[in-house]
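A.B. asks: So here's structure-v2.csv, just CSV, C-alpha atoms:
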```csv
chain,number,residue,atom,x,y,z
A,7,MET,CA,86.0,90.2,107.1
A,8,SER,CA,88.0,91.7,109.9
A,9,GLN,CA,87.2,94.6,112.1
A,10,PRO,CA,87.3,98.1,110.5
A,11,ILE,CA,90.3,100.3,111.2
A,12,PRO,CA,89.3,102.7,114.0
A,13,PHE,CA,90.7,106.0,112.6
A,14,THR,CA,91.4,108.9,114.8
A,15,ASP,CA,91.9,111.6,112.1
A,16,PHE,CA,89.3,111.7,109.3
A,17,ASN,CA,91.7,113.3,106.9
A,18,PHE,CA,94.3,110.5,107.5
A,19,LYS,CA,91.5,108.1,106.7
A,20,LEU,CA,90.8,109.9,103.4
A,21,ALA,CA,94.5,109.7,102.5
A,22,VAL,CA,94.4,105.9,103.2
A,23,VAL,CA,91.1,105.5,101.3
A,24,GLN,CA,92.6,107.4,98.3
A,25,GLU,CA,95.4,104.8,98.1
A,26,LEU,CA,93.2,101.8,98.6
A,27,MET,CA,90.2,102.9,96.4
A,28,TYR,CA,91.8,104.9,93.6
A,29,GLY,CA,95.4,103.8,93.8
A,30,GLN,CA,95.1,100.1,94.3
A,31,GLY,CA,91.5,99.4,93.5
A,32,LEU,CA,90.9,97.4,96.7
A,33,LEU,CA,87.8,99.3,97.7
A,34,PRO,CA,84.8,100.1,95.3
A,35,LYS,CA,85.4,103.4,93.6
A,36,PHE,CA,83.1,106.3,94.8
A,37,ARG,CA,81.9,108.7,92.1
A,38,LEU,CA,80.0,111.7,93.4
A,39,THR,CA,78.0,112.1,90.2
A,40,ASN,CA,76.7,108.5,90.4
A,41,TYR,CA,76.1,108.7,94.1
A,42,ALA,CA,74.2,112.0,93.8
A,43,PHE,CA,72.0,110.4,91.1
A,44,GLU,CA,71.4,107.3,93.1
A,45,GLN,CA,70.7,109.1,96.3
A,46,GLY,CA,68.6,111.9,94.7
A,47,PHE,CA,70.6,115.0,95.7
A,48,THR,CA,72.2,117.8,93.8
A,49,TYR,CA,75.4,119.7,94.5
A,50,ASP,CA,77.4,122.6,93.1
A,51,ALA,CA,80.1,121.0,90.8
A,52,TRP,CA,82.3,124.1,91.3
A,53,SER,CA,82.1,124.4,95.0
A,54,VAL,CA,85.4,124.4,97.0
A,55,GLU,CA,83.4,123.3,100.0
A,56,ALA,CA,82.8,119.6,100.9
A,57,VAL,CA,79.6,118.1,99.7
A,58,PRO,CA,77.9,116.9,102.9
A,59,GLU,CA,76.6,113.7,101.4
A,60,ALA,CA,80.0,112.8,100.1
A,61,LEU,CA,81.6,113.5,103.5
A,62,ALA,CA,78.9,111.3,105.2
A,63,TYR,CA,79.7,108.5,102.8
A,64,PHE,CA,83.4,108.5,103.6
A,65,GLU,CA,82.7,108.9,107.3
A,66,ALA,CA,80.6,105.8,107.3
A,67,LEU,CA,82.9,103.8,105.0
A,68,GLU,CA,84.6,101.0,106.9
A,69,VAL,CA,88.2,100.1,105.9
A,70,PRO,CA,88.8,96.5,106.8
A,71,ALA,CA,91.9,96.0,109.0
A,72,GLU,CA,93.4,93.4,106.7
A,73,LEU,CA,93.9,96.1,104.1
A,74,ALA,CA,96.2,98.1,106.5
A,75,GLU,CA,99.2,96.0,105.4
A,76,LYS,CA,98.7,97.1,101.8
A,77,ILE,CA,99.5,100.7,102.7
A,78,THR,CA,103.2,101.3,102.0
A,79,GLU,CA,102.9,104.9,100.6
A,80,ILE,CA,100.5,107.8,101.1
A,81,ALA,CA,100.7,110.6,98.6
A,82,MET,CA,98.4,113.5,99.4
A,83,ASP,CA,98.0,115.9,96.6
A,84,GLY,CA,95.4,118.6,95.8
A,85,GLY,CA,94.5,116.7,92.7
A,86,ASN,CA,93.8,113.4,94.4
A,87,GLN,CA,90.6,111.8,93.2
A,88,ILE,CA,89.1,111.4,96.6
A,89,TYR,CA,89.3,115.2,97.3
A,90,LEU,CA,87.6,116.0,94.0
A,91,GLU,CA,84.8,113.6,94.7
A,92,ILE,CA,84.2,115.2,98.1
A,93,ALA,CA,84.7,118.9,97.1
A,94,PRO,CA,84.6,119.0,93.2
A,95,GLY,CA,86.0,122.6,92.9
A,96,TRP,CA,88.6,122.3,95.7
A,97,ASP,CA,91.8,124.0,94.7
A,98,GLY,CA,94.1,122.8,97.5
A,99,GLU,CA,94.5,126.3,98.8
A,100,ASP,CA,92.9,125.8,102.3
A,101,GLU,CA,93.3,123.3,105.1
A,102,LEU,CA,90.1,121.2,104.3
A,103,PHE,CA,92.0,117.9,104.0
A,104,ASP,CA,95.1,118.5,106.2
A,105,VAL,CA,96.1,115.8,108.6
A,106,ASP,CA,96.4,117.1,112.2
A,107,GLU,CA,96.8,113.9,114.1
A,108,PHE,CA,99.1,110.9,113.4
A,109,ALA,CA,97.9,108.3,115.9
A,110,ASP,CA,96.6,106.3,113.0
A,111,LEU,CA,100.1,105.4,112.0
A,112,ARG,CA,99.9,102.6,114.5
A,113,HIS,CA,97.6,100.7,112.1
A,114,PHE,CA,100.0,100.8,109.1
A,115,PRO,CA,103.3,99.0,109.9
A,116,ASN,CA,104.3,98.9,106.2
A,117,LEU,CA,104.0,102.6,105.6
A,118,LYS,CA,107.4,103.8,104.3
A,119,SER,CA,106.6,107.0,102.5
A,120,MET,CA,104.3,109.9,103.1
A,121,THR,CA,103.8,113.1,101.1
A,122,LEU,CA,101.7,115.6,103.0
A,123,LEU,CA,99.7,118.6,102.0
A,124,TYR,CA,101.7,121.5,103.1
A,125,THR,CA,100.9,122.7,106.7
A,126,GLY,CA,104.2,124.0,107.8
A,127,ASN,CA,104.2,121.6,110.7
A,128,GLU,CA,107.9,120.6,110.7
A,129,GLU,CA,107.4,118.6,113.9
A,130,ALA,CA,105.1,116.3,112.0
A,131,LEU,CA,107.7,115.7,109.4
A,132,GLU,CA,110.4,115.0,112.0
A,133,MET,CA,108.1,112.6,113.9
A,134,LEU,CA,107.4,110.7,110.7
A,135,ARG,CA,111.0,110.6,109.7
A,136,ALA,CA,111.9,109.4,113.2
A,137,ARG,CA,109.6,106.4,112.6
A,138,GLY,CA,111.5,105.5,109.5
A,139,ILE,CA,109.0,107.1,107.1
A,140,ASP,CA,110.3,109.1,104.2
A,141,ALA,CA,108.1,112.2,104.6
A,142,ASP,CA,107.9,115.5,102.8
A,143,TRP,CA,105.5,118.2,101.6
A,144,VAL,CA,103.8,118.1,98.2
```
Please express what this file holds, its structure, as structure tokens.
C.D. replies:
Amino acid sequence: MSQPIPFTDFNFKLAVVQELMYGQGLLPKFRLTNYAFEQGFTYDAWSVEAVPEALAYFEALEVPAELAEKITEIAMDGGNQIYLEIAPGWDGEDELFDVDEFADLRHFPNLKSMTLLYTGNEEALEMLRARGIDADWV
């Protein structure tokens, strides 16, 4: 197995993991209910806050570098499975999962399309488009 991708922005990593784990099935699926049972912790299933144990799981998760080429599209949406596994009651109305840093683009040469959670950062859209990525807000 190759080295893991060294992500700069955790939320960018989550967007990539969403695609690899739940979109393409290339990483084992994480289910908060199962993980909580296995690890012996409880959480508020209606909380809009991130469950610390779920965050820790994804922070520790290594994404093998050879999977980077599989990423051609990133579609961030408030209803993405990964967000609901981390913050089960999250409604998409805050900035919990916004991407602030795009240095991680360097790892994904085949990325052609990106739908971002709305931040109002038009500079980010223009930068993505200048790199040949079809980018827009949800």
A.B. asks: Using Å and a single decimal, report how far atom CA of Val144 of chain A sits from atom CA of Leu61 of chain A.
C.D. replies: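 Atom-to-atom, atom CA of Leu61 of chain A and atom CA of Val144 of chain A are spaced 23.3 Å apart.
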A.B. asks: Pick from A:Phe114, A:Phe43, A:Phe103, A:Trp96: nearest to Asn17 of chain A, with all atoms listed in the file counted?
C.D. replies: A:Phe103
A.B. asks: Which is closest to Thr14 of chain A among A:Asn116, A:Asn127, A:Leu111, A:Ile139, if we use all atoms listed in the file?
C.D. replies: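 The answer is A:Leu111, which sits nearest to Thr14 of chain A.
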A.B. asks: Counting all atoms listed in the file, what is within 8 Å of Ala21 of chain A, bar same-chain residues fewer than 6 positions away, as a list in words?
C.D. replies: Ile80, Ala81 and Met82 of chain A
A.B. asks: Could you pull the residues within 12 Å of Glu75 of chain A, counting only C-alpha atoms, minus those fewer than 5 positions along the same chain, as a ChimeraX atom specification?
C.D. replies: /A:11,22,26,69-70,111-118
A.B. asks: Interatomic distance between atom CA of Trp143 of chain A and atom CA of Tyr28 of chain A?
C.D. replies: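 Value for the atom CA of Trp143 of chain A-atom CA of Tyr28 of chain A distance: 20.7 Å.
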A.B. asks: Calculated over only C-alpha atoms, which of the candidates A:Asp140, A:Glu68, A:Gly85, A:Gly31 has the smallest distance to Ser8 of chain A?
C.D. replies: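 That would be A:Glu68, the residue with the smallest distance to Ser8 of chain A.
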A.B. asks: Which one of A:Tyr124, A:Phe36, A:Phe64, A:Tyr89 sits closest to Val105 of chain A if you count only C-alpha atoms?
C.D. replies: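 Counting only C-alpha atoms, the residue closest to Val105 of chain A is A:Tyr124.
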A.B. asks: Using the block above, I'd like segment 69-84 of chain A written out, keeping N, CA and C atoms and formatting it as a PDB file, in the first residue's frame.
C.D. replies:
```pdb
ATOM      1  N   VAL A  69      -6.034   7.759   3.807  1.00  0.00           N
ATOM      2  CA  VAL A  69      -6.506   7.565   2.441  1.00  0.00           C
ATOM      3  C   VAL A  69      -5.280   7.237   1.590  1.00  0.00           C
ATOM      4  N   PRO A  70      -5.196   6.007   1.070  1.00  0.00           N
ATOM      5  CA  PRO A  70      -4.035   5.624   0.274  1.00  0.00           C
ATOM      6  C   PRO A  70      -3.873   6.508  -0.962  1.00  0.00           C
ATOM      7  N   ALA A  71      -2.649   6.920  -1.223  1.00  0.00           N
ATOM      8  CA  ALA A  71      -2.372   7.833  -2.336  1.00  0.00           C
ATOM      9  C   ALA A  71      -2.815   7.261  -3.678  1.00  0.00           C
ATOM     10  N   GLU A  72      -2.803   5.932  -3.837  1.00  0.00           N
ATOM     11  CA  GLU A  72      -3.196   5.371  -5.138  1.00  0.00           C
ATOM     12  C   GLU A  72      -4.674   5.591  -5.448  1.00  0.00           C
ATOM     13  N   LEU A  73      -5.469   5.950  -4.434  1.00  0.00           N
ATOM     14  CA  LEU A  73      -6.889   6.220  -4.673  1.00  0.00           C
ATOM     15  C   LEU A  73      -7.127   7.635  -5.205  1.00  0.00           C
ATOM     16  N   ALA A  74      -6.123   8.488  -5.121  1.00  0.00           N
ATOM     17  CA  ALA A  74      -6.278   9.881  -5.560  1.00  0.00           C
ATOM     18  C   ALA A  74      -6.728   9.961  -7.012  1.00  0.00           C
ATOM     19  N   GLU A  75      -6.210   9.087  -7.861  1.00  0.00           N
ATOM     20  CA  GLU A  75      -6.564   9.140  -9.279  1.00  0.00           C
ATOM     21  C   GLU A  75      -8.028   8.796  -9.532  1.00  0.00           C
ATOM     22  N   LYS A  76      -8.689   8.170  -8.564  1.00  0.00           N
ATOM     23  CA  LYS A  76     -10.101   7.789  -8.706  1.00  0.00           C
ATOM     24  C   LYS A  76     -11.050   8.970  -8.509  1.00  0.00           C
ATOM     25  N   ILE A  77     -10.520  10.056  -7.983  1.00  0.00           N
ATOM     26  CA  ILE A  77     -11.355  11.231  -7.702  1.00  0.00           C
ATOM     27  C   ILE A  77     -11.440  12.105  -8.950  1.00  0.00           C
ATOM     28  N   THR A  78     -12.604  12.098  -9.584  1.00  0.00           N
ATOM     29  CA  THR A  78     -12.845  12.952 -10.748  1.00  0.00           C
ATOM     30  C   THR A  78     -13.895  14.010 -10.432  1.00  0.00           C
ATOM     31  N   GLU A  79     -14.679  13.750  -9.386  1.00  0.00           N
ATOM     32  CA  GLU A  79     -15.760  14.656  -9.003  1.00  0.00           C
ATOM     33  C   GLU A  79     -15.903  14.662  -7.494  1.00  0.00           C
ATOM     34  N   ILE A  80     -16.137  15.841  -6.956  1.00  0.00           N
ATOM     35  CA  ILE A  80     -16.459  15.993  -5.543  1.00  0.00           C
ATOM     36  C   ILE A  80     -17.774  16.757  -5.484  1.00  0.00           C
ATOM     37  N   ALA A  81     -18.756  16.167  -4.841  1.00  0.00           N
ATOM     38  CA  ALA A  81     -20.070  16.792  -4.720  1.00  0.00           C
ATOM     39  C   ALA A  81     -20.415  16.919  -3.244  1.00  0.00           C
ATOM     40  N   MET A  82     -20.147  18.086  -2.699  1.00  0.00           N
ATOM     41  CA  MET A  82     -20.470  18.344  -1.298  1.00  0.00           C
ATOM     42  C   MET A  82     -21.937  18.745  -1.219  1.00  0.00           C
ATOM     43  N   ASP A  83     -22.651  18.154  -0.275  1.00  0.00           N
ATOM     44  CA  ASP A  83     -24.064  18.444  -0.091  1.00  0.00           C
ATOM     45  C   ASP A  83     -24.392  18.187   1.373  1.00  0.00           C
ATOM     46  N   GLY A  84     -25.284  18.965   1.919  1.00  0.00           N
ATOM     47  CA  GLY A  84     -25.665  18.800   3.325  1.00  0.00           C
ATOM     48  C   GLY A  84     -26.203  17.420   3.654  1.00  0.00           C
TER      49      GLY A  84
END
```
